[in-house]
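Student: Data file protein_25.cif (mmCIF, C-alpha atoms and all ligand atoms) is appended below.
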```cif
data_structure
loop_
_atom_site.group_PDB
_atom_site.id
_atom_site.type_symbol
_atom_site.label_atom_id
_atom_site.label_comp_id
_atom_site.auth_asym_id
_atom_site.auth_seq_id
_atom_site.Cartn_x
_atom_site.Cartn_y
_atom_site.Cartn_z
ATOM 1 C CA MET A 1 122.948 86.699 208.301
ATOM 2 C CA ASN A 2 123.439 85.992 204.583
ATOM 3 C CA VAL A 3 122.390 88.794 202.220
ATOM 4 C CA VAL A 4 122.609 88.349 198.446
ATOM 5 C CA PHE A 5 122.158 91.200 195.968
ATOM 6 C CA PHE A 6 121.149 89.966 192.493
ATOM 7 C CA THR A 7 121.583 92.857 190.064
ATOM 8 C CA GLY A 8 121.007 93.820 186.440
ATOM 9 C CA ALA A 9 121.531 96.790 184.158
ATOM 10 C CA GLY A 10 119.051 98.953 186.113
ATOM 11 C CA ILE A 11 121.431 99.367 189.067
ATOM 12 C CA SER A 12 123.874 101.148 186.741
ATOM 13 C CA ALA A 13 121.220 103.266 184.964
ATOM 14 C CA GLU A 14 121.678 106.224 187.346
ATOM 15 C CA SER A 15 125.407 106.108 186.636
ATOM 16 C CA GLY A 16 124.470 106.922 183.030
ATOM 17 C CA LEU A 17 124.912 103.412 181.569
ATOM 18 C CA LYS A 18 122.133 102.198 179.270
ATOM 19 C CA THR A 19 119.887 99.288 180.143
ATOM 20 C CA PHE A 20 118.889 96.785 177.444
ATOM 21 C CA ARG A 21 115.098 96.814 177.350
ATOM 22 C CA GLY A 22 112.217 99.093 178.255
ATOM 23 C CA GLY A 23 112.671 101.892 175.745
ATOM 24 C CA ASN A 24 115.841 103.772 174.712
ATOM 25 C CA GLY A 25 117.861 100.688 175.680
ATOM 26 C CA LEU A 26 120.847 99.091 173.992
ATOM 27 C CA TRP A 27 118.574 96.665 172.162
ATOM 28 C CA ASP A 28 116.735 99.632 170.645
ATOM 29 C CA GLU A 29 120.040 100.859 169.224
ATOM 30 C CA TYR A 30 121.698 97.586 168.222
ATOM 31 C CA LYS A 31 120.383 94.253 166.967
ATOM 32 C CA ILE A 32 121.151 91.538 169.566
ATOM 33 C CA GLU A 33 122.062 89.110 166.780
ATOM 34 C CA ASP A 34 124.650 91.568 165.403
ATOM 35 C CA VAL A 35 126.548 92.334 168.629
ATOM 36 C CA CYS A 36 125.655 89.744 171.271
ATOM 37 C CA THR A 37 125.797 86.341 169.536
ATOM 38 C CA PRO A 38 128.611 84.092 168.198
ATOM 39 C CA GLN A 39 126.969 84.409 164.760
ATOM 40 C CA GLY A 40 127.261 88.195 164.930
ATOM 41 C CA TRP A 41 130.920 87.881 165.925
ATOM 42 C CA LYS A 42 131.596 85.548 162.965
ATOM 43 C CA LYS A 43 129.817 87.889 160.528
ATOM 44 C CA ASN A 44 131.342 91.189 161.642
ATOM 45 C CA PRO A 45 133.853 90.980 164.531
ATOM 46 C CA LYS A 46 134.747 94.681 164.171
ATOM 47 C CA LEU A 47 131.123 95.730 164.825
ATOM 48 C CA VAL A 48 131.103 93.592 167.987
ATOM 49 C CA LEU A 49 134.459 94.959 169.161
ATOM 50 C CA ASP A 50 133.250 98.544 168.532
ATOM 51 C CA PHE A 51 130.038 97.848 170.525
ATOM 52 C CA TYR A 52 131.961 96.610 173.558
ATOM 53 C CA ASN A 53 134.788 99.168 173.207
ATOM 54 C CA LYS A 54 132.169 101.950 173.371
ATOM 55 C CA ARG A 55 130.483 100.380 176.424
ATOM 56 C CA ARG A 56 133.873 99.955 178.135
ATOM 57 C CA SER A 57 134.821 103.615 177.605
ATOM 58 C CA ASP A 58 131.326 104.730 178.774
ATOM 59 C CA CYS A 59 131.751 102.552 181.861
ATOM 60 C CA SER A 60 135.262 103.891 182.603
ATOM 61 C CA ALA A 61 133.855 107.447 182.418
ATOM 62 C CA ALA A 62 130.905 106.563 184.680
ATOM 63 C CA LYS A 63 130.938 106.559 188.485
ATOM 64 C CA PRO A 64 129.425 104.064 190.923
ATOM 65 C CA ASN A 65 126.135 105.520 192.212
ATOM 66 C CA ALA A 66 124.572 105.550 195.697
ATOM 67 C CA ALA A 67 123.230 102.023 195.208
ATOM 68 C CA HIS A 68 126.647 100.510 194.365
ATOM 69 C CA ILE A 69 128.218 102.424 197.258
ATOM 70 C CA ALA A 70 125.507 101.446 199.756
ATOM 71 C CA ILE A 71 126.091 97.762 198.916
ATOM 72 C CA GLY A 72 129.868 98.223 199.218
ATOM 73 C CA ASP A 73 129.496 99.927 202.623
ATOM 74 C CA PHE A 74 127.000 97.306 203.830
ATOM 75 C CA ALA A 75 129.553 94.585 203.015
ATOM 76 C CA LYS A 76 131.776 96.095 205.744
ATOM 77 C CA ASN A 77 129.117 95.343 208.407
ATOM 78 C CA LYS A 78 130.482 92.200 210.061
ATOM 79 C CA LYS A 79 126.984 91.156 211.215
ATOM 80 C CA PHE A 80 126.168 90.225 207.613
ATOM 81 C CA LYS A 81 127.756 88.088 204.908
ATOM 82 C CA VAL A 82 127.079 90.217 201.820
ATOM 83 C CA SER A 83 127.439 88.744 198.309
ATOM 84 C CA VAL A 84 126.679 90.231 194.913
ATOM 85 C CA VAL A 85 125.587 88.144 191.917
ATOM 86 C CA THR A 86 125.445 90.441 188.917
ATOM 87 C CA GLN A 87 124.411 89.997 185.292
ATOM 88 C CA ASN A 88 126.261 93.242 184.547
ATOM 89 C CA VAL A 89 129.601 93.392 182.762
ATOM 90 C CA ASP A 90 130.450 96.879 184.077
ATOM 91 C CA ASN A 91 132.826 97.288 187.033
ATOM 92 C CA LEU A 92 130.713 99.690 189.109
ATOM 93 C CA HIS A 93 130.065 97.146 191.887
ATOM 94 C CA GLU A 94 133.828 96.693 192.380
ATOM 95 C CA ARG A 95 134.366 100.456 192.281
ATOM 96 C CA GLY A 96 131.497 100.894 194.762
ATOM 97 C CA GLY A 97 133.285 98.631 197.269
ATOM 98 C CA ALA A 98 131.633 95.234 196.693
ATOM 99 C CA SER A 99 134.047 92.338 197.175
ATOM 100 C CA ASN A 100 132.228 88.992 197.221
ATOM 101 C CA LEU A 101 131.084 89.393 193.601
ATOM 102 C CA ILE A 102 130.144 87.020 190.738
ATOM 103 C CA HIS A 103 129.844 88.350 187.162
ATOM 104 C CA LEU A 104 127.533 85.749 185.576
ATOM 105 C CA HIS A 105 127.861 87.207 182.062
ATOM 106 C CA GLY A 106 131.557 88.160 182.175
ATOM 107 C CA SER A 107 133.272 91.526 182.281
ATOM 108 C CA LEU A 108 134.051 94.431 179.942
ATOM 109 C CA TYR A 109 137.529 94.456 181.477
ATOM 110 C CA GLU A 110 138.553 90.999 180.307
ATOM 111 C CA SER A 111 139.408 89.658 176.850
ATOM 112 C CA LYS A 112 139.508 85.998 175.889
ATOM 113 C CA SER A 113 141.254 83.875 173.282
ATOM 114 C CA THR A 114 139.022 82.562 170.463
ATOM 115 C CA ILE A 115 140.836 79.199 170.310
ATOM 116 C CA ASP A 116 141.564 78.572 173.987
ATOM 117 C CA PRO A 117 138.827 79.908 176.352
ATOM 118 C CA SER A 118 141.126 79.364 179.339
ATOM 119 C CA LEU A 119 143.295 82.241 178.054
ATOM 120 C CA ILE A 120 141.720 85.286 179.704
ATOM 121 C CA TYR A 121 143.419 88.703 179.939
ATOM 122 C CA THR A 122 142.641 91.766 182.054
ATOM 123 C CA ILE A 123 142.225 94.843 179.844
ATOM 124 C CA GLU A 124 141.580 98.547 180.377
ATOM 125 C CA SER A 125 141.108 99.784 176.814
ATOM 126 C CA ASP A 126 139.929 98.752 173.344
ATOM 127 C CA ILE A 127 140.236 95.279 171.828
ATOM 128 C CA LYS A 128 141.180 95.707 168.174
ATOM 129 C CA ILE A 129 141.168 93.449 165.133
ATOM 130 C CA GLY A 130 144.685 91.983 165.137
ATOM 131 C CA ASP A 131 145.004 91.813 168.952
ATOM 132 C CA LYS A 132 146.022 88.197 169.494
ATOM 133 C CA CYS A 133 146.203 85.715 172.387
ATOM 134 C CA SER A 134 149.485 83.932 173.222
ATOM 135 C CA LYS A 135 148.473 81.176 170.791
ATOM 136 C CA GLY A 136 147.987 83.672 167.943
ATOM 137 C CA SER A 137 144.177 83.865 167.741
ATOM 138 C CA GLN A 138 142.061 87.036 167.655
ATOM 139 C CA LEU A 139 140.967 88.242 171.097
ATOM 140 C CA ARG A 140 137.234 88.729 171.885
ATOM 141 C CA PRO A 141 135.401 90.225 174.881
ATOM 142 C CA ASN A 142 135.195 87.741 177.792
ATOM 143 C CA ILE A 143 131.413 88.121 177.782
ATOM 144 C CA VAL A 144 128.649 85.492 177.534
ATOM 145 C CA TRP A 145 126.623 86.037 174.353
ATOM 146 C CA PHE A 146 123.170 84.651 173.632
ATOM 147 C CA GLY A 147 123.441 80.960 172.763
ATOM 148 C CA GLU A 148 126.658 80.589 174.807
ATOM 149 C CA MET A 149 126.896 78.603 178.022
ATOM 150 C CA LEU A 150 127.524 80.403 181.287
ATOM 151 C CA ASP A 151 130.459 79.293 183.427
ATOM 152 C CA GLU A 152 129.080 76.254 185.305
ATOM 153 C CA GLU A 153 131.143 77.033 188.400
ATOM 154 C CA LYS A 154 129.780 80.595 188.611
ATOM 155 C CA ILE A 155 126.188 79.383 188.232
ATOM 156 C CA SER A 156 126.521 76.767 190.968
ATOM 157 C CA LYS A 157 128.317 79.201 193.287
ATOM 158 C CA ALA A 158 125.568 81.778 192.698
ATOM 159 C CA GLU A 159 122.849 79.172 193.273
ATOM 160 C CA LYS A 160 124.495 78.076 196.533
ATOM 161 C CA LEU A 161 124.587 81.701 197.733
ATOM 162 C CA VAL A 162 120.880 82.204 196.907
ATOM 163 C CA THR A 163 119.737 78.923 198.509
ATOM 164 C CA THR A 164 121.435 79.936 201.776
ATOM 165 C CA ALA A 165 120.346 83.596 201.672
ATOM 166 C CA ASP A 166 118.266 85.011 204.532
ATOM 167 C CA TYR A 167 117.617 88.100 202.370
ATOM 168 C CA LEU A 168 117.679 88.281 198.553
ATOM 169 C CA VAL A 169 117.688 91.828 197.157
ATOM 170 C CA ILE A 170 116.960 91.864 193.404
ATOM 171 C CA VAL A 171 117.885 95.208 191.852
ATOM 172 C CA GLY A 172 117.287 96.602 188.372
ATOM 173 C CA THR A 173 116.648 93.550 186.256
ATOM 174 C CA SER A 174 113.774 92.525 183.983
ATOM 175 C CA LEU A 175 114.507 88.891 184.954
ATOM 176 C CA GLU A 176 114.044 87.950 181.278
ATOM 177 C CA VAL A 177 117.377 86.264 180.581
ATOM 178 C CA TYR A 178 118.036 82.668 181.567
ATOM 179 C CA PRO A 179 119.678 80.739 183.156
ATOM 180 C CA ALA A 180 120.694 83.813 185.234
ATOM 181 C CA ALA A 181 117.141 84.874 186.139
ATOM 182 C CA GLY A 182 116.265 81.331 187.175
ATOM 183 C CA ILE A 183 118.752 81.576 190.040
ATOM 184 C CA VAL A 184 116.433 83.826 192.071
ATOM 185 C CA LYS A 185 113.893 80.989 192.233
ATOM 186 C CA SER A 186 116.214 78.864 194.369
ATOM 187 C CA THR A 187 115.644 80.783 197.618
ATOM 188 C CA LYS A 188 114.754 78.844 200.785
ATOM 189 C CA GLU A 189 111.090 79.196 201.872
ATOM 190 C CA THR A 190 111.812 81.700 204.665
ATOM 191 C CA CYS A 191 114.058 83.983 202.584
ATOM 192 C CA GLN A 192 112.838 87.616 202.533
ATOM 193 C CA ILE A 193 112.906 88.829 198.910
ATOM 194 C CA TYR A 194 113.092 92.512 197.924
ATOM 195 C CA TYR A 195 112.662 93.690 194.319
ATOM 196 C CA VAL A 196 114.048 97.206 193.822
ATOM 197 C CA ASP A 197 112.868 98.377 190.419
ATOM 198 C CA PRO A 198 110.486 101.111 189.177
ATOM 199 C CA GLY A 199 109.131 98.527 186.704
ATOM 200 C CA GLU A 200 106.739 95.641 187.337
ATOM 201 C CA PHE A 201 107.792 92.319 188.922
ATOM 202 C CA THR A 202 106.802 89.916 186.153
ATOM 203 C CA MET A 203 108.453 86.661 187.280
ATOM 204 C CA TYR A 204 106.194 83.841 188.459
ATOM 205 C CA LEU A 205 106.849 82.920 192.099
ATOM 206 C CA PRO A 206 104.759 80.315 193.960
ATOM 207 C CA ALA A 207 102.381 81.891 196.525
ATOM 208 C CA VAL A 208 104.414 80.408 199.389
ATOM 209 C CA LYS A 209 107.354 82.552 198.295
ATOM 210 C CA ARG A 210 105.388 85.518 197.048
ATOM 211 C CA VAL A 211 104.306 86.282 200.643
ATOM 212 C CA PHE A 212 107.932 87.071 201.414
ATOM 213 C CA LEU A 213 108.308 89.445 198.428
ATOM 214 C CA THR A 214 108.463 93.222 198.956
ATOM 215 C CA HIS A 215 108.517 95.387 195.810
ATOM 216 C CA ILE A 216 110.270 98.723 196.342
ATOM 217 C CA LYS A 217 109.014 100.557 193.250
ATOM 218 C CA GLU A 218 111.819 103.106 193.245
ATOM 219 C CA PRO A 219 115.101 103.735 191.447
ATOM 220 C CA ALA A 220 118.123 101.867 192.835
ATOM 221 C CA THR A 221 119.790 104.917 194.411
ATOM 222 C CA THR A 222 116.896 105.447 196.842
ATOM 223 C CA GLY A 223 115.500 101.906 196.991
ATOM 224 C CA VAL A 224 118.732 100.042 197.833
ATOM 225 C CA PRO A 225 119.690 102.220 200.853
ATOM 226 C CA LYS A 226 116.083 101.858 202.095
ATOM 227 C CA VAL A 227 116.248 98.065 201.903
ATOM 228 C CA ILE A 228 119.638 97.988 203.634
ATOM 229 C CA ASP A 229 118.245 100.144 206.482
ATOM 230 C CA GLU A 230 115.240 97.802 206.826
ATOM 231 C CA ILE A 231 117.412 94.643 206.868
ATOM 232 C CA THR A 232 119.700 96.258 209.454
ATOM 233 C CA GLU A 233 116.718 97.199 211.662
ATOM 234 C CA LEU A 234 115.072 93.761 211.302
ATOM 235 C CA SER A 235 118.317 92.112 212.407
ATOM 236 C CA GLU A 236 118.782 94.203 215.537
HETATM 237 C C1 LIG A 301 122.215 79.919 177.343
HETATM 238 C C2 LIG A 301 125.942 89.962 177.438
HETATM 239 C C3 LIG A 301 122.497 77.617 177.007
HETATM 240 C C4 LIG A 301 126.653 90.938 178.255
HETATM 241 C C5 LIG A 301 123.752 89.079 177.752
HETATM 242 C C6 LIG A 301 117.833 80.196 171.811
HETATM 243 C C7 LIG A 301 119.162 79.759 171.711
HETATM 244 C C8 LIG A 301 120.022 79.791 172.817
HETATM 245 C C9 LIG A 301 119.573 80.250 174.009
HETATM 246 C C10 LIG A 301 118.280 80.711 174.077
HETATM 247 C C11 LIG A 301 117.403 80.674 173.013
HETATM 248 N N1 LIG A 301 116.203 81.190 173.426
HETATM 249 C C12 LIG A 301 116.292 81.546 174.717
HETATM 250 C C13 LIG A 301 117.546 81.261 175.124
HETATM 251 C C14 LIG A 301 118.073 81.483 176.385
HETATM 252 C C15 LIG A 301 118.706 82.883 176.357
HETATM 253 C C16 LIG A 301 117.664 83.839 176.909
HETATM 254 O O1 LIG A 301 117.479 83.855 178.100
HETATM 255 N N2 LIG A 301 116.983 84.601 176.042
HETATM 256 C C17 LIG A 301 115.926 85.449 176.545
HETATM 257 C C18 LIG A 301 116.067 86.839 175.972
HETATM 258 C C19 LIG A 301 114.588 84.802 176.202
HETATM 259 N N3 LIG A 301 119.873 82.792 177.194
HETATM 260 C C20 LIG A 301 121.066 82.522 176.661
HETATM 261 O O2 LIG A 301 121.302 82.429 175.482
HETATM 262 C C21 LIG A 301 122.153 82.291 177.689
HETATM 263 N N4 LIG A 301 122.854 81.101 177.373
HETATM 264 O O3 LIG A 301 121.051 79.758 177.514
HETATM 265 O O4 LIG A 301 123.081 78.902 177.087
HETATM 266 C C22 LIG A 301 122.290 77.326 175.558
HETATM 267 C C23 LIG A 301 123.389 77.347 174.723
HETATM 268 C C24 LIG A 301 123.205 77.017 173.394
HETATM 269 C C25 LIG A 301 121.941 76.691 172.902
HETATM 270 C C26 LIG A 301 120.831 76.717 173.762
HETATM 271 C C27 LIG A 301 121.018 77.034 175.089
HETATM 272 C C28 LIG A 301 123.140 83.452 177.678
HETATM 273 C C29 LIG A 301 122.470 84.692 178.238
HETATM 274 C C30 LIG A 301 123.489 85.824 178.380
HETATM 275 C C31 LIG A 301 123.317 86.738 177.236
HETATM 276 N N5 LIG A 301 124.186 87.916 177.392
HETATM 277 N N6 LIG A 301 124.538 90.138 177.668
HETATM 278 C C32 LIG A 301 126.342 92.307 177.838
HETATM 279 O O5 LIG A 301 126.424 92.599 176.641
HETATM 280 O O6 LIG A 301 126.053 93.099 178.739
HETATM 281 S S1 LIG A 301 122.170 89.242 178.327
HETATM 282 C C33 LIG A 301 121.776 90.845 178.703
HETATM 283 O O7 LIG A 301 120.465 90.789 179.315
HETATM 284 C C34 LIG A 301 122.668 91.437 179.755
HETATM 285 O O8 LIG A 301 123.783 90.669 180.073
HETATM 286 C C35 LIG A 301 121.798 91.524 180.976
HETATM 287 O O9 LIG A 301 122.499 91.036 182.036
HETATM 288 C C36 LIG A 301 120.693 90.611 180.675
HETATM 289 C C37 LIG A 301 119.450 90.893 181.470
HETATM 290 O O10 LIG A 301 119.081 92.237 181.256
HETATM 291 P P1 LIG A 301 118.818 93.152 182.552
HETATM 292 O O11 LIG A 301 120.107 93.305 183.271
HETATM 293 O O12 LIG A 301 117.675 92.624 183.311
HETATM 294 O O13 LIG A 301 118.476 94.536 181.873
HETATM 295 P P2 LIG A 301 117.096 94.964 181.209
HETATM 296 O O14 LIG A 301 117.385 96.137 180.343
HETATM 297 O O15 LIG A 301 116.414 93.762 180.614
HETATM 298 O O16 LIG A 301 116.214 95.434 182.457
HETATM 299 C C38 LIG A 301 116.604 96.595 183.168
HETATM 300 C C39 LIG A 301 115.754 96.680 184.413
HETATM 301 O O17 LIG A 301 116.193 97.796 185.167
HETATM 302 C C40 LIG A 301 114.274 96.890 184.120
HETATM 303 O O18 LIG A 301 113.514 96.040 184.942
HETATM 304 C C41 LIG A 301 114.046 98.362 184.492
HETATM 305 O O19 LIG A 301 112.740 98.576 185.008
HETATM 306 C C42 LIG A 301 115.074 98.539 185.575
HETATM 307 N N7 LIG A 301 115.530 99.908 185.817
HETATM 308 C C43 LIG A 301 115.677 100.904 184.920
HETATM 309 N N8 LIG A 301 116.162 102.013 185.581
HETATM 310 C C44 LIG A 301 116.341 101.667 186.877
HETATM 311 C C45 LIG A 301 115.933 100.328 187.036
HETATM 312 N N9 LIG A 301 115.977 99.689 188.216
HETATM 313 C C46 LIG A 301 116.435 100.386 189.279
HETATM 314 N N10 LIG A 301 116.843 101.675 189.211
HETATM 315 C C47 LIG A 301 116.806 102.349 188.039
HETATM 316 N N11 LIG A 301 117.213 103.624 187.985
#
```
Please express what this file holds, its structure, as structure tokens.
Ligand code: BV8

Tutor:
Amino acid sequence: MNVVFFTGAGISAESGLKTFRGGNGLWDEYKIEDVCTPQGWKKNPKLVLDFYNKRRSDCSAAKPNAAHIAIGDFAKNKKFKVSVVTQNVDNLHERGGASNLIHLHGSLYESKSTIDPSLIYTIESDIKIGDKCSKGSQLRPNIVWFGEMLDEEKISKAEKLVTTADYLVIVGTSLEVYPAAGIVKSTKETCQIYYVDPGEFTMYLPAVKRVFLTHIKEPATTGVPKVIDEITELSE
């Protein structure tokens, strides 16, 4: 049985990390164009580095919550092939025990050269102005900003996982950002879809797929364990 978890910022909300939208989010505090676009980086790289340095230290101080841990534990159940496709750049899925994991938008814990994108480095702390790659260019966060292409290989791997999923569990995402959000539309007709989010499900799905959609209108820490219990029972 193939189970795919497709997650967004909401799954990390109960670990104390801010979401982007929906009031008191990161985009209420910062302008997207200043900190999450190549134009913003060109205009004021220090502001961008400070934005991601702060999020990295917040993430390092945070702990995986019951939803991350439930997914990590579920992945140990040999009856299921469990994969996680996340839009998040935090490392709480890894720390919660998830292994088969794709970070569509990159990671807070990687830096990248600004002249050779193949030069990627694992980092634990701040990236500063003056930190250079092996070819002498300023390092930037290895994160996909608005207007930047996602890694083609990651997208196609994520799409393949979703098309072969028997269960797709969407957790904590407004499904507003493409092409990531579009991936959830590639489920096979018989795939059971769960949406774990206290907010509304606003994405258009054709009626033939909508019949297989269950909306668990709860926070991730109670909703995700509930869905995992239901999938386990249904597969007995
Ligand atoms: C692209 C970086 C091709 C990492 C992010 C004009 C020019 C170029 C592109 C575009 C354009 N116009 C539109 C686009 C496409 C654009 C896009 O989709 N824009 C949207 C906003 C309309 N996409 C792109 O630019 C992408 N690239 O298209 O390239 C291209 C290239 C050149 C020219 C043309 C095209 C790149 C997109 C990636 C952008 N990077 N972030 C970071 O800083 O973290 S996106 C950002 O939003 C995050 O990465 C995040 O992953 C993503 C989605 O947000 P969510 O995770 O869903 O979070 P959100 O706050 O929205 O929702 C939280 C949810 O949690 C809510 O539903 C809430 O109810 C719920 N919740 C809250 N608490 C809980 C909870 N759920 C459960 N439990 C709780 N306790």

Student: Taking the file as shown, what set of residues would the PyMOL selection byres (((chain A and resi 110-118) around 6) and not hetatm) give back, as a PDB file with C-alpha atoms, keeping the file's coordinate frame?

Tutor:
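Final file, selection-v9.pdb:
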```
ATOM      1  CA  SER A 107     133.272  91.526 182.281  1.00  0.00           C
ATOM      2  CA  LEU A 108     134.051  94.431 179.942  1.00  0.00           C
ATOM      3  CA  TYR A 109     137.529  94.456 181.477  1.00  0.00           C
ATOM      4  CA  LEU A 119     143.295  82.241 178.054  1.00  0.00           C
ATOM      5  CA  ILE A 120     141.720  85.286 179.704  1.00  0.00           C
ATOM      6  CA  TYR A 121     143.419  88.703 179.939  1.00  0.00           C
ATOM      7  CA  THR A 122     142.641  91.766 182.054  1.00  0.00           C
ATOM      8  CA  ILE A 123     142.225  94.843 179.844  1.00  0.00           C
ATOM      9  CA  CYS A 133     146.203  85.715 172.387  1.00  0.00           C
ATOM     10  CA  SER A 137     144.177  83.865 167.741  1.00  0.00           C
ATOM     11  CA  LEU A 139     140.967  88.242 171.097  1.00  0.00           C
ATOM     12  CA  ARG A 140     137.234  88.729 171.885  1.00  0.00           C
ATOM     13  CA  PRO A 141     135.401  90.225 174.881  1.00  0.00           C
ATOM     14  CA  ASN A 142     135.195  87.741 177.792  1.00  0.00           C
TER      15      ASN A 142
END
```

Student: With all atoms listed in the file as the counted atoms, please give the residues lying no more than 9 Å from A:Val144, apart from itself and same-chain residues fewer than 2 positions off, as a count of residues only.

Tutor: 14

Student: Excluding same-chain residues fewer than 3 positions from stretch 6-10 of chain A, what lies within 9 Å of it counting only C-alpha atoms, as a PDB file with C-alpha atoms, in the coordinates of the input?

Tutor:
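Once everything was written out, this is out-v1.pdb:
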```
ATOM      1  CA  ALA A  13     121.220 103.266 184.964  1.00  0.00           C
ATOM      2  CA  GLU A  14     121.678 106.224 187.346  1.00  0.00           C
ATOM      3  CA  LEU A  17     124.912 103.412 181.569  1.00  0.00           C
ATOM      4  CA  LYS A  18     122.133 102.198 179.270  1.00  0.00           C
ATOM      5  CA  THR A  19     119.887  99.288 180.143  1.00  0.00           C
ATOM      6  CA  PHE A  20     118.889  96.785 177.444  1.00  0.00           C
ATOM      7  CA  SER A  83     127.439  88.744 198.309  1.00  0.00           C
ATOM      8  CA  VAL A  84     126.679  90.231 194.913  1.00  0.00           C
ATOM      9  CA  VAL A  85     125.587  88.144 191.917  1.00  0.00           C
ATOM     10  CA  THR A  86     125.445  90.441 188.917  1.00  0.00           C
ATOM     11  CA  GLN A  87     124.411  89.997 185.292  1.00  0.00           C
ATOM     12  CA  ASN A  88     126.261  93.242 184.547  1.00  0.00           C
ATOM     13  CA  VAL A  89     129.601  93.392 182.762  1.00  0.00           C
ATOM     14  CA  ASP A  90     130.450  96.879 184.077  1.00  0.00           C
ATOM     15  CA  VAL A 162     120.880  82.204 196.907  1.00  0.00           C
ATOM     16  CA  LEU A 168     117.679  88.281 198.553  1.00  0.00           C
ATOM     17  CA  VAL A 169     117.688  91.828 197.157  1.00  0.00           C
ATOM     18  CA  ILE A 170     116.960  91.864 193.404  1.00  0.00           C
ATOM     19  CA  VAL A 171     117.885  95.208 191.852  1.00  0.00           C
ATOM     20  CA  GLY A 172     117.287  96.602 188.372  1.00  0.00           C
ATOM     21  CA  THR A 173     116.648  93.550 186.256  1.00  0.00           C
ATOM     22  CA  SER A 174     113.774  92.525 183.983  1.00  0.00           C
ATOM     23  CA  LEU A 175     114.507  88.891 184.954  1.00  0.00           C
ATOM     24  CA  VAL A 184     116.433  83.826 192.071  1.00  0.00           C
ATOM     25  CA  ASP A 197     112.868  98.377 190.419  1.00  0.00           C
ATOM     26  CA  PRO A 219     115.101 103.735 191.447  1.00  0.00           C
ATOM     27  CA  ALA A 220     118.123 101.867 192.835  1.00  0.00           C
TER      28      ALA A 220
END
```

Student: Using only C-alpha atoms and all ligand atoms, which of the listed residues (A:Tyr178, A:Tyr30, A:Phe74, A:Tyr167) sits closest to ligand LIG 301 (chain A)?

Tutor: A:Tyr178

Student: Between atom C13 of ligand LIG 301 (chain A) and atom CA of A:Val177, what is the distance in Å, rounded to a tenth?

Tutor: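 Taking atom C13 of ligand LIG 301 (chain A) and atom CA of A:Val177, their separation equals 7.4 Å.
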
Student: Tell me which residues come within 7 Å of (129.4, 101.5, 183.6), as a PyMOL selection string, counting all atoms listed in the file in the file's coordinates.

Tutor: chain A and resi 12+15+17+58-60+62+90-92

Student: With C-alpha atoms retained, could you export that selection as a PDB file, keeping the file's coordinate frame?

Tutor:
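Wrote again26.pdb, looks like this:
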```
ATOM      1  CA  SER A  12     123.874 101.148 186.741  1.00  0.00           C
ATOM      2  CA  SER A  15     125.407 106.108 186.636  1.00  0.00           C
ATOM      3  CA  LEU A  17     124.912 103.412 181.569  1.00  0.00           C
ATOM      4  CA  ASP A  58     131.326 104.730 178.774  1.00  0.00           C
ATOM      5  CA  CYS A  59     131.751 102.552 181.861  1.00  0.00           C
ATOM      6  CA  SER A  60     135.262 103.891 182.603  1.00  0.00           C
ATOM      7  CA  ALA A  62     130.905 106.563 184.680  1.00  0.00           C
ATOM      8  CA  ASP A  90     130.450  96.879 184.077  1.00  0.00           C
ATOM      9  CA  ASN A  91     132.826  97.288 187.033  1.00  0.00           C
ATOM     10  CA  LEU A  92     130.713  99.690 189.109  1.00  0.00           C
TER      11      LEU A  92
END
```

Student: Once you add 4 Å to each side, what are the centre and edge lengths of the axis-aligned box holding all listed atoms of ligand LIG 301 (chain A)? One decimal in Å, as AutoDock Vina command-line options, if you can.

Tutor:
```
--center_x 119.7 --center_y 90.2 --center_z 180.5 --size_x 21.9 --size_y 34.9 --size_z 25.6
```

Student: Using all atoms listed in the file, pick whichever of A:Ile183, A:Val35, A:Ile69, A:Val3 has the shortest atom-to-atom distance to ligand LIG 301 (chain A).

Tutor: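 Ranked by minimum distance to ligand LIG 301 (chain A), first place goes to A:Val35.
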
Student: Using all atoms listed in the file, what residues lie at most 7 Å away from (123.8, 104.6, 197.1) (file coordinates), given as an mmCIF file with C-alpha atoms, keeping the file's coordinate frame?

Tutor:
```
data_model
loop_
_atom_site.group_PDB
_atom_site.id
_atom_site.type_symbol
_atom_site.label_atom_id
_atom_site.label_comp_id
_atom_site.auth_asym_id
_atom_site.auth_seq_id
_atom_site.Cartn_x
_atom_site.Cartn_y
_atom_site.Cartn_z
ATOM 1 C CA ASN A 65 126.135 105.520 192.212
ATOM 2 C CA ALA A 66 124.572 105.550 195.697
ATOM 3 C CA ALA A 67 123.230 102.023 195.208
ATOM 4 C CA HIS A 68 126.647 100.510 194.365
ATOM 5 C CA ILE A 69 128.218 102.424 197.258
ATOM 6 C CA ALA A 70 125.507 101.446 199.756
ATOM 7 C CA THR A 221 119.790 104.917 194.411
ATOM 8 C CA THR A 222 116.896 105.447 196.842
ATOM 9 C CA VAL A 224 118.732 100.042 197.833
ATOM 10 C CA PRO A 225 119.690 102.220 200.853
#
```

Student: In Å, with one decimal, what is the gap from atom C3 of ligand LIG 301 (chain A) to atom CA of A:Glu33?

Tutor: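 Taking atom C3 of ligand LIG 301 (chain A) and atom CA of A:Glu33, their separation equals 15.4 Å.
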
Student: Which one is closest to A:Glu159: A:Ile129, A:Ile11, A:Val208, A:Val4? Count all atoms listed in the file.

Tutor: A:Val4

Student: Evaluated on this file, the PyMOL selection byres (((chain A and resi 96) around 7) and not hetatm) picks out some residues - which ones are they, written as JSON, numbers by chain?

Tutor: {"A": [64, 68, 69, 72, 92, 93, 94, 95, 97, 98]}

Student: Of the candidates A:Lys217, A:Gln192, A:Leu101, A:Ile127, which shows the shortest atom-to-atom distance to A:Leu234, using only C-alpha atoms?

Tutor: A:Gln192
